[in-house]
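Visitor: Okay, so here is work20.txt, and as you'll see once you scroll down, it has compact mmCIF, C-alpha atoms.
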```txt
# COMPACT_ATOMS: atom_id res chain seq x y z
CA MET A 1 12.91 82.01 -80.94
CA THR A 2 15.78 79.89 -82.29
CA LEU A 3 17.09 80.73 -85.76
CA ARG A 4 15.63 78.25 -88.24
CA HIS A 5 17.51 76.46 -91.01
CA PHE A 6 16.48 73.89 -93.64
CA LEU A 7 19.29 71.35 -93.66
CA ARG A 8 17.17 68.21 -94.00
CA ASP A 9 13.53 67.42 -94.63
CA ASP A 10 12.55 66.89 -91.01
CA ASP A 11 13.69 70.40 -90.08
CA LEU A 12 10.09 71.34 -90.89
CA SER A 13 7.32 69.96 -88.70
CA PRO A 14 4.28 68.55 -90.51
CA ALA A 15 2.35 71.76 -89.88
CA GLU A 16 5.29 73.90 -91.06
CA GLN A 17 5.74 71.82 -94.20
CA THR A 18 2.04 72.30 -94.99
CA ALA A 19 2.37 76.04 -94.37
CA VAL A 20 5.34 76.31 -96.77
CA LEU A 21 3.47 74.34 -99.44
CA ASP A 22 0.39 76.53 -98.97
CA ARG A 23 2.60 79.59 -99.38
CA ALA A 24 4.14 78.08 -102.52
CA LEU A 25 0.71 77.54 -104.08
CA ALA A 26 -0.20 81.15 -103.29
CA LEU A 27 3.06 82.48 -104.76
CA LYS A 28 2.63 80.37 -107.88
CA ALA A 29 -0.78 81.99 -108.38
CA ALA A 30 0.51 85.50 -107.59
CA PRO A 31 4.30 85.46 -108.21
CA PHE A 32 5.07 89.01 -107.04
CA SER A 33 2.69 89.21 -104.10
CA ASP A 34 5.53 88.67 -101.57
CA ARG A 35 8.46 91.15 -101.67
CA ARG A 36 10.05 90.05 -98.39
CA LEU A 37 13.61 90.62 -99.71
CA GLU A 38 12.89 94.06 -101.12
CA GLY A 39 15.81 96.41 -100.66
CA PRO A 40 17.23 94.41 -102.33
CA ARG A 41 18.52 92.12 -99.59
CA THR A 42 21.23 89.70 -100.69
CA VAL A 43 20.95 85.92 -100.59
CA SER A 44 24.30 84.12 -100.98
CA ILE A 45 24.00 81.03 -103.18
CA LEU A 46 27.06 78.75 -103.23
CA PHE A 47 27.63 75.85 -105.60
CA ASP A 48 30.30 73.19 -105.15
CA LYS A 49 28.54 70.81 -107.55
CA PRO A 50 27.07 71.15 -111.06
CA THR A 51 23.63 72.74 -111.18
CA LEU A 52 20.90 73.80 -113.57
CA ARG A 53 17.46 73.64 -111.93
CA THR A 54 18.78 74.61 -108.50
CA GLN A 55 20.62 77.67 -109.78
CA VAL A 56 17.91 79.08 -112.03
CA SER A 57 15.14 78.41 -109.50
CA PHE A 58 16.95 79.99 -106.54
CA VAL A 59 18.03 83.00 -108.59
CA GLY A 60 14.45 83.37 -109.78
CA ALA A 61 13.07 82.91 -106.28
CA VAL A 62 15.32 85.55 -104.72
CA SER A 63 14.63 87.99 -107.55
CA GLY A 64 10.89 87.35 -107.31
CA LEU A 65 10.96 88.23 -103.62
CA GLY A 66 12.69 91.53 -104.46
CA GLY A 67 16.17 90.43 -103.37
CA PHE A 68 19.61 90.13 -104.99
CA PRO A 69 20.92 86.60 -105.67
CA MET A 70 24.71 86.56 -105.20
CA VAL A 71 25.91 83.35 -106.86
CA VAL A 72 29.30 82.13 -105.62
CA ASP A 73 31.36 79.36 -107.23
CA GLY A 74 32.28 77.41 -104.14
CA ARG A 75 35.10 75.59 -105.92
CA LEU A 76 36.66 78.89 -107.00
CA ALA A 77 36.16 80.37 -103.53
CA GLY A 78 37.71 77.26 -101.99
CA VAL A 79 35.12 76.86 -99.25
CA GLY A 80 36.53 74.47 -96.70
CA VAL A 81 39.87 74.38 -98.52
CA ARG A 82 41.29 77.88 -98.98
CA GLU A 83 39.08 79.21 -96.18
CA SER A 84 37.38 77.26 -93.43
CA VAL A 85 33.62 76.75 -93.54
CA ALA A 86 33.26 78.67 -90.29
CA ASP A 87 35.20 81.66 -91.65
CA VAL A 88 33.16 81.69 -94.87
CA ALA A 89 29.98 81.60 -92.78
CA ARG A 90 31.17 84.57 -90.70
CA ILE A 91 31.84 86.50 -93.93
CA LEU A 92 28.62 85.69 -95.77
CA GLY A 93 26.18 85.80 -92.88
CA PRO A 94 26.37 89.54 -92.04
CA GLN A 95 26.04 90.38 -95.76
CA SER A 96 23.10 88.07 -96.45
CA ALA A 97 19.48 87.49 -95.52
CA ALA A 98 20.09 83.77 -96.06
CA VAL A 99 22.75 81.37 -97.34
CA VAL A 100 21.97 78.60 -99.85
CA TRP A 101 24.64 75.92 -100.33
CA ARG A 102 24.91 72.94 -102.71
CA THR A 103 27.82 70.88 -101.47
CA PHE A 104 29.05 67.43 -100.50
CA ALA A 105 29.16 66.76 -96.76
CA GLN A 106 26.09 67.30 -94.58
CA SER A 107 28.46 68.08 -91.69
CA ASP A 108 29.89 71.07 -93.60
CA LEU A 109 26.38 72.41 -94.11
CA ALA A 110 25.69 72.05 -90.40
CA GLU A 111 28.91 73.97 -89.65
CA MET A 112 27.81 76.76 -92.00
CA ALA A 113 24.51 76.97 -90.13
CA ALA A 114 26.30 77.10 -86.79
CA TYR A 115 28.29 80.22 -87.72
CA ALA A 116 26.31 82.13 -90.39
CA GLY A 117 23.81 83.83 -88.09
CA VAL A 118 21.16 83.72 -90.85
CA PRO A 119 19.01 80.89 -92.22
CA VAL A 120 21.00 78.27 -94.17
CA ILE A 121 19.30 76.15 -96.83
CA ASN A 122 20.44 72.77 -98.13
CA ALA A 123 20.46 72.99 -101.94
CA LEU A 124 21.73 69.37 -102.06
CA THR A 125 24.28 67.37 -100.14
CA ASP A 126 25.43 63.78 -100.48
CA ASP A 127 22.84 62.84 -97.83
CA PHE A 128 19.72 64.91 -98.54
CA HIS A 129 17.99 66.98 -101.25
CA PRO A 130 15.13 68.53 -99.28
CA CYS A 131 14.34 71.42 -101.63
CA GLN A 132 13.65 68.93 -104.42
CA ILE A 133 11.22 67.06 -102.17
CA LEU A 134 9.34 70.28 -101.39
CA ALA A 135 8.89 70.76 -105.14
CA ASP A 136 7.79 67.14 -105.51
CA LEU A 137 5.24 67.46 -102.70
CA LEU A 138 3.96 70.69 -104.25
CA THR A 139 3.53 68.86 -107.55
CA LEU A 140 1.66 66.03 -105.85
CA ARG A 141 -0.60 68.53 -104.06
CA GLU A 142 -1.48 69.96 -107.47
CA THR A 143 -1.98 66.63 -109.22
CA LEU A 144 -3.32 64.32 -106.51
CA GLY A 145 -4.79 66.66 -103.90
CA ASP A 146 -4.23 66.12 -100.19
CA LEU A 147 -1.03 64.25 -99.34
CA PRO A 148 -1.80 62.38 -96.08
CA GLY A 149 -2.66 58.76 -96.80
CA ARG A 150 -1.23 58.82 -100.33
CA THR A 151 1.45 56.29 -101.32
CA LEU A 152 4.78 57.46 -102.72
CA ALA A 153 7.11 54.81 -104.16
CA TYR A 154 10.77 55.41 -105.00
CA VAL A 155 12.72 52.76 -106.88
CA GLY A 156 16.44 52.72 -107.65
CA ASP A 157 19.45 53.64 -105.53
CA GLY A 158 18.16 53.56 -101.97
CA ALA A 159 21.41 54.86 -100.54
CA ASN A 160 21.32 58.24 -102.27
CA ASN A 161 20.11 61.66 -101.16
CA MET A 162 16.78 61.48 -102.99
CA ALA A 163 15.78 58.24 -101.27
CA HIS A 164 16.69 59.75 -97.90
CA SER A 165 14.70 62.90 -98.55
CA TYR A 166 11.68 60.99 -99.84
CA LEU A 167 11.73 59.01 -96.61
CA LEU A 168 11.80 62.05 -94.34
CA GLY A 169 9.77 64.46 -96.46
CA GLY A 170 7.12 61.92 -97.39
CA ALA A 171 6.73 60.74 -93.79
CA THR A 172 6.41 64.37 -92.65
CA ALA A 173 3.59 64.79 -95.17
CA GLY A 174 1.78 61.77 -93.72
CA MET A 175 2.40 59.63 -96.80
CA HIS A 176 3.08 55.91 -97.07
CA VAL A 177 6.67 55.86 -98.37
CA ARG A 178 8.02 52.78 -100.08
CA ILE A 179 11.64 52.37 -101.16
CA GLY A 180 12.40 49.63 -103.70
CA THR A 181 16.16 49.11 -103.86
CA PRO A 182 18.77 46.37 -104.08
CA THR A 183 19.87 44.99 -100.73
CA SER A 184 23.37 46.16 -101.69
CA HIS A 185 22.24 49.83 -101.70
CA PRO A 186 19.86 50.36 -98.77
CA PRO A 187 19.01 53.74 -97.26
CA ALA A 188 20.93 54.71 -94.14
CA PRO A 189 19.38 52.88 -91.15
CA GLU A 190 19.23 56.05 -89.04
CA VAL A 191 17.23 57.80 -91.77
CA VAL A 192 14.79 54.88 -92.03
CA GLU A 193 14.40 54.84 -88.26
CA ARG A 194 13.79 58.60 -88.13
CA ALA A 195 11.27 58.37 -91.01
CA ARG A 196 9.38 55.67 -89.13
CA GLU A 197 9.31 57.87 -86.02
CA VAL A 198 7.88 60.75 -88.03
CA ALA A 199 5.41 58.51 -89.88
CA ALA A 200 4.12 57.17 -86.56
CA SER A 201 3.10 60.71 -85.65
CA THR A 202 1.57 61.68 -89.01
CA GLY A 203 -0.33 58.51 -89.95
CA GLY A 204 2.12 57.56 -92.67
CA SER A 205 4.29 54.46 -92.96
CA VAL A 206 7.66 53.32 -94.30
CA LEU A 207 8.52 50.18 -96.27
CA VAL A 208 11.96 49.25 -97.62
CA THR A 209 11.95 46.29 -100.00
CA ASP A 210 14.15 44.77 -102.68
CA ASP A 211 11.04 43.99 -104.77
CA PRO A 212 10.26 46.88 -107.15
CA VAL A 213 6.78 45.50 -107.89
CA GLU A 214 5.94 45.41 -104.18
CA ALA A 215 7.16 49.00 -103.91
CA VAL A 216 4.99 50.42 -106.68
CA THR A 217 1.84 48.29 -106.41
CA GLY A 218 -1.09 50.63 -105.82
CA ALA A 219 1.21 53.67 -105.47
CA ASP A 220 -0.19 57.12 -106.24
CA ALA A 221 3.24 58.38 -107.31
CA VAL A 222 6.33 56.58 -108.58
CA ALA A 223 9.73 58.28 -108.47
CA THR A 224 13.27 57.42 -109.44
CA ASP A 225 16.67 59.06 -109.83
CA THR A 226 19.85 58.52 -111.80
CA TRP A 227 21.82 55.43 -110.86
CA VAL A 228 25.05 57.48 -110.89
CA SER A 229 24.83 60.41 -108.50
CA MET A 230 27.28 63.31 -108.55
CA GLY A 231 30.61 62.19 -107.15
CA GLN A 232 30.02 58.54 -108.18
CA GLU A 233 31.12 58.92 -111.80
CA ALA A 234 33.98 56.43 -111.31
CA GLN A 235 31.35 53.77 -110.54
CA ALA A 236 29.31 54.47 -113.70
CA ASP A 237 30.24 51.24 -115.50
CA ASP A 238 29.27 49.10 -112.50
CA ARG A 239 26.03 51.00 -111.93
CA LYS A 240 24.82 51.29 -115.55
CA GLY A 241 26.55 48.44 -117.35
CA GLU A 242 25.66 44.79 -117.83
CA GLY A 243 24.96 43.15 -114.50
CA SER A 244 24.02 46.40 -112.78
CA PRO A 245 22.17 45.76 -109.51
CA PHE A 246 19.70 48.49 -110.52
CA THR A 247 18.53 47.01 -113.85
CA LYS A 248 15.33 45.46 -112.50
CA TYR A 249 14.43 48.79 -110.84
CA ALA A 250 14.14 50.66 -114.14
CA VAL A 251 10.78 52.41 -114.40
CA ASP A 252 9.02 51.40 -117.61
CA ASP A 253 5.40 50.87 -118.63
CA ALA A 254 5.46 47.31 -117.26
CA LEU A 255 6.42 48.52 -113.79
CA MET A 256 4.07 51.52 -113.90
CA ALA A 257 1.21 49.11 -114.72
CA HIS A 258 1.32 48.02 -111.07
CA ALA A 259 0.76 51.57 -109.79
CA ALA A 260 -2.68 52.99 -109.03
CA ASP A 261 -4.97 54.33 -111.70
CA GLY A 262 -4.24 58.04 -112.06
CA SER A 263 -0.74 57.68 -110.63
CA VAL A 264 2.01 60.06 -111.69
CA PHE A 265 5.75 59.74 -112.36
CA LEU A 266 8.41 61.94 -110.76
CA HIS A 267 12.10 62.43 -111.57
CA CYS A 268 14.35 65.14 -110.12
CA LEU A 269 16.41 65.29 -113.36
CA PRO A 270 18.74 65.01 -115.14
CA ALA A 271 17.25 61.78 -116.51
CA TYR A 272 18.96 59.05 -118.50
CA ARG A 273 16.40 57.41 -120.75
CA GLY A 274 17.02 53.70 -121.20
CA TYR A 275 18.56 53.33 -117.76
CA GLU A 276 16.56 54.37 -114.67
CA VAL A 277 13.51 55.34 -116.76
CA SER A 278 12.20 54.55 -120.21
CA ALA A 279 11.33 57.29 -122.68
CA GLU A 280 7.75 56.00 -122.80
CA VAL A 281 7.32 56.82 -119.11
CA ILE A 282 9.18 60.12 -118.70
CA ASP A 283 7.76 61.48 -121.95
CA GLY A 284 4.36 59.84 -121.45
CA PRO A 285 1.04 61.05 -120.07
CA ARG A 286 1.74 60.08 -116.45
CA SER A 287 4.94 62.13 -116.27
CA VAL A 288 4.81 65.37 -114.28
CA VAL A 289 8.56 66.00 -114.35
CA TRP A 290 8.39 69.38 -116.12
CA GLN A 291 5.78 70.67 -113.68
CA GLU A 292 8.02 69.28 -110.93
CA ALA A 293 11.04 71.17 -112.32
CA GLU A 294 9.10 74.46 -112.49
CA ASN A 295 7.88 73.94 -108.95
CA ARG A 296 11.45 74.16 -107.65
CA LEU A 297 11.01 77.92 -108.15
CA HIS A 298 7.73 78.24 -106.27
CA ALA A 299 8.65 75.87 -103.43
CA GLN A 300 12.02 77.51 -102.80
CA LYS A 301 10.55 81.00 -102.99
CA ALA A 302 8.04 80.00 -100.33
CA LEU A 303 10.75 78.38 -98.20
CA LEU A 304 12.98 81.48 -98.40
CA SER A 305 10.06 83.74 -97.52
CA TRP A 306 9.10 81.55 -94.56
CA LEU A 307 12.64 81.22 -93.19
CA VAL A 308 13.38 84.95 -93.48
CA GLU A 309 10.07 85.64 -91.78
CA GLN A 310 11.03 83.27 -88.94
CA ALA A 311 14.46 84.92 -88.67
CA GLY A 312 12.77 88.30 -88.29
CA ALA A 313 10.66 86.89 -85.52
CA SER A 314 13.78 85.59 -83.75
CA ALA A 315 15.76 88.84 -84.03
```
Go ahead and express the file in the form of structure tokens.

Guide:
Amino acid sequence: MTLRHFLRDDDLSPAEQTAVLDRALALKAAPFSDRRLEGPRTVSILFDKPTLRTQVSFVGAVSGLGGFPMVVDGRLAGVGVRESVADVARILGPQSAAVVWRTFAQSDLAEMAAYAGVPVINALTDDFHPCQILADLLTLRETLGDLPGRTLAYVGDGANNMAHSYLLGGATAGMHVRIGTPTSHPPAPEVVERAREVAASTGGSVLVTDDPVEAVTGADAVATDTWVSMGQEAQADDRKGEGSPFTKYAVDDALMAHAADGSVFLHCLPAYRGYEVSAEVIDGPRSVVWQEAENRLHAQKALLSWLVEQAGASA
């Protein structure tokens, strides 16, 4: 069996995604029922970008599985600068049950996976944030029930990693995924095409529109993200200031009124009230963002357990 990694959302088949979410629900109910990393086995966790939820949830997940979370400051280590990605992979892999990396380029992550010899997990790149989507889907399973046939709307920056992962992860789950975004910031065409391929096999669908009302009308879940992603700080004035192309995509009560009765609101955090979301929505009764943040722990614990299990099967 080929060594499995989780570099983007469609690295899990629909059945595998369901299995990981089922495992996450079981681990949330019985947090210490799986001690797959007992030893403790080490999981290397590298961060090249700022982190809060990702760090605490992965450290908690590894510890909960009985392992040792070795957190590495990627900037201090100079991954890809002082030492090549391939050399770092050859160092970390033999000492780790898995490698988790939050970095910039998707191609660097793929290079890590090529040389590590153990499962590599994408803890965020410029292109995808698949662990966040697993937590979002877990939250929707808990709040809405079965995912196939449900409608998930994302409004805001369609060119960022969250939009890409909603497209692939939502399509894998059999959901109808709608992206409402300015025509100046569309999702990558190859990601949209791949999401449509996946949706065709799962019964889902994909819509990209510049009309935020069209995107959210009748949606079971509405999601957004900051308008200024990490690494785009120099563009903050253009993205958040007067004349921002994202202004009409702000999620407020008026926009949420077009969503389905019983719909919920998602945000991967950190959130900037008054910009991409109003306080009345994120702090209101439809918001499930705190449940979503906690579910990073349970989803990632299940993913780690599943990947290490698969690696054992391939050894």

Visitor: Excluding same-chain residues fewer than 2 positions from segment 166-175 of chain A, what lies within 7 Å of it counting all atoms listed in the file, as a VMD selection string?

Guide: chain A and resid 9 to 10 13 to 14 133 147 to 152 162 to 164 177 192 195 198 to 199 202 to 205

Visitor: Could you name the residues that touch Ser33 of chain A at 12 Å or less, counting all atoms listed in the file, but leaving out those on the same chain fewer than 5 positions away, as a PyMOL selection string?

Guide: chain A and resi 23-28+38+64-66+301-302+305

Visitor: Within 10 Å of (23.4, 71.4, -108.9), in the coordinates the file gives, what residues turn up when you count only C-alpha atoms, written out as JSON, numbers by chain?

Guide: {"A": [46, 47, 48, 49, 50, 51, 52, 53, 54, 55, 56, 101, 102, 103, 123, 124, 125, 230]}

Visitor: Using all atoms listed in the file, find each residue in segment 89-196 of chain A having at least one atom no more than 8 Å away from segment 239-258 of chain A; report its shortest atom-to-atom pair and that distance in Å (one decimal), rows by chain then rising number, as a Markdown table.

Guide:
```
| residue | atom | partner | partner_atom | distance |
| --- | --- | --- | --- | --- |
| A:Val155 | CA | A:Tyr249 | CA | 5.9 |
| A:Gly156 | CA | A:Tyr249 | CA | 5.4 |
| A:Asp157 | CA | A:Phe246 | CA | 7.2 |
| A:Gly180 | CA | A:Tyr249 | CA | 7.5 |
| A:Thr181 | CA | A:Tyr249 | CA | 7.2 |
| A:Pro182 | CA | A:Pro245 | CA | 6.4 |
| A:Ser184 | CA | A:Pro245 | CA | 7.9 |
```

Visitor: Which residues, written as a PyMOL selection string, have at least one atom at most 8 Å from segment 92-100 of chain A, with only C-alpha atoms counted and residues fewer than 3 positions away on the same chain left out?

Guide: chain A and resi 37+41-46+88-89+115-123+304+308

Visitor: Smallest atom-to-atom distance to His298 of chain A: which of A:Val62, A:Ala159, A:Ala219, A:Ala77, using all atoms listed in the file?

Guide: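 Using all atoms listed in the file, His298 of chain A sits closest to A:Val62.
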
Visitor: Specify the axis-aligned box that encloses all atoms of segment 165-182 of chain A listed in the file after padding of 3 Å on each side, stating its centre and edge lengths in Å to one decimal as JSON.

Guide:
```
{"center_x": 10.3, "center_y": 55.6, "center_z": -98.4, "size_x": 23.0, "size_y": 24.4, "size_z": 17.4}
```

Visitor: Write out as a list of chain:residue names the residues lying within 6 Å of segment 260-265 of chain A, counting all atoms listed in the file and excluding same-chain residues fewer than 5 positions away.

Guide: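 Contacts, with the query itself left out: A:Gly218, A:Ala219, A:Asp220, A:Ala221, A:Val222, A:Ala223, A:Arg286, A:Ser287.
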
Visitor: Atom CA of Asp146 of chain A to atom CA of Trp306 of chain A: how many Å, to one decimal?

Guide: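 Rounded to one decimal, the two atoms are 21.2 Å apart.
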
Visitor: What's the separation between atom CA of Tyr154 of chain A and atom CA of Pro130 of chain A, in Å to one decimal place?

Guide: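 Rounded to one decimal, the two atoms are 15.0 Å apart.
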
Visitor: Expressed in Å to a single decimal, how great is the separation between atom CA of Gly284 of chain A and atom CA of Gln132 of chain A?

Guide: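 If I compute the distance from atom CA of Gly284 of chain A to atom CA of Gln132 of chain A, I get 21.4 Å.
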
Visitor: Take the point (4.2, 65.5, -118.6) as written in the file and pick out every residue within 12 Å of it, counting all atoms listed in the file; give the list as a list of chain:residue names.

Guide: A:Thr139, A:Thr143, A:Val264, A:Phe265, A:Leu266, A:His267, A:Ala279, A:Glu280, A:Val281, A:Ile282, A:Asp283, A:Gly284, A:Pro285, A:Arg286, A:Ser287, A:Val288, A:Val289, A:Trp290, A:Gln291, A:Glu292, A:Ala293, A:Glu294
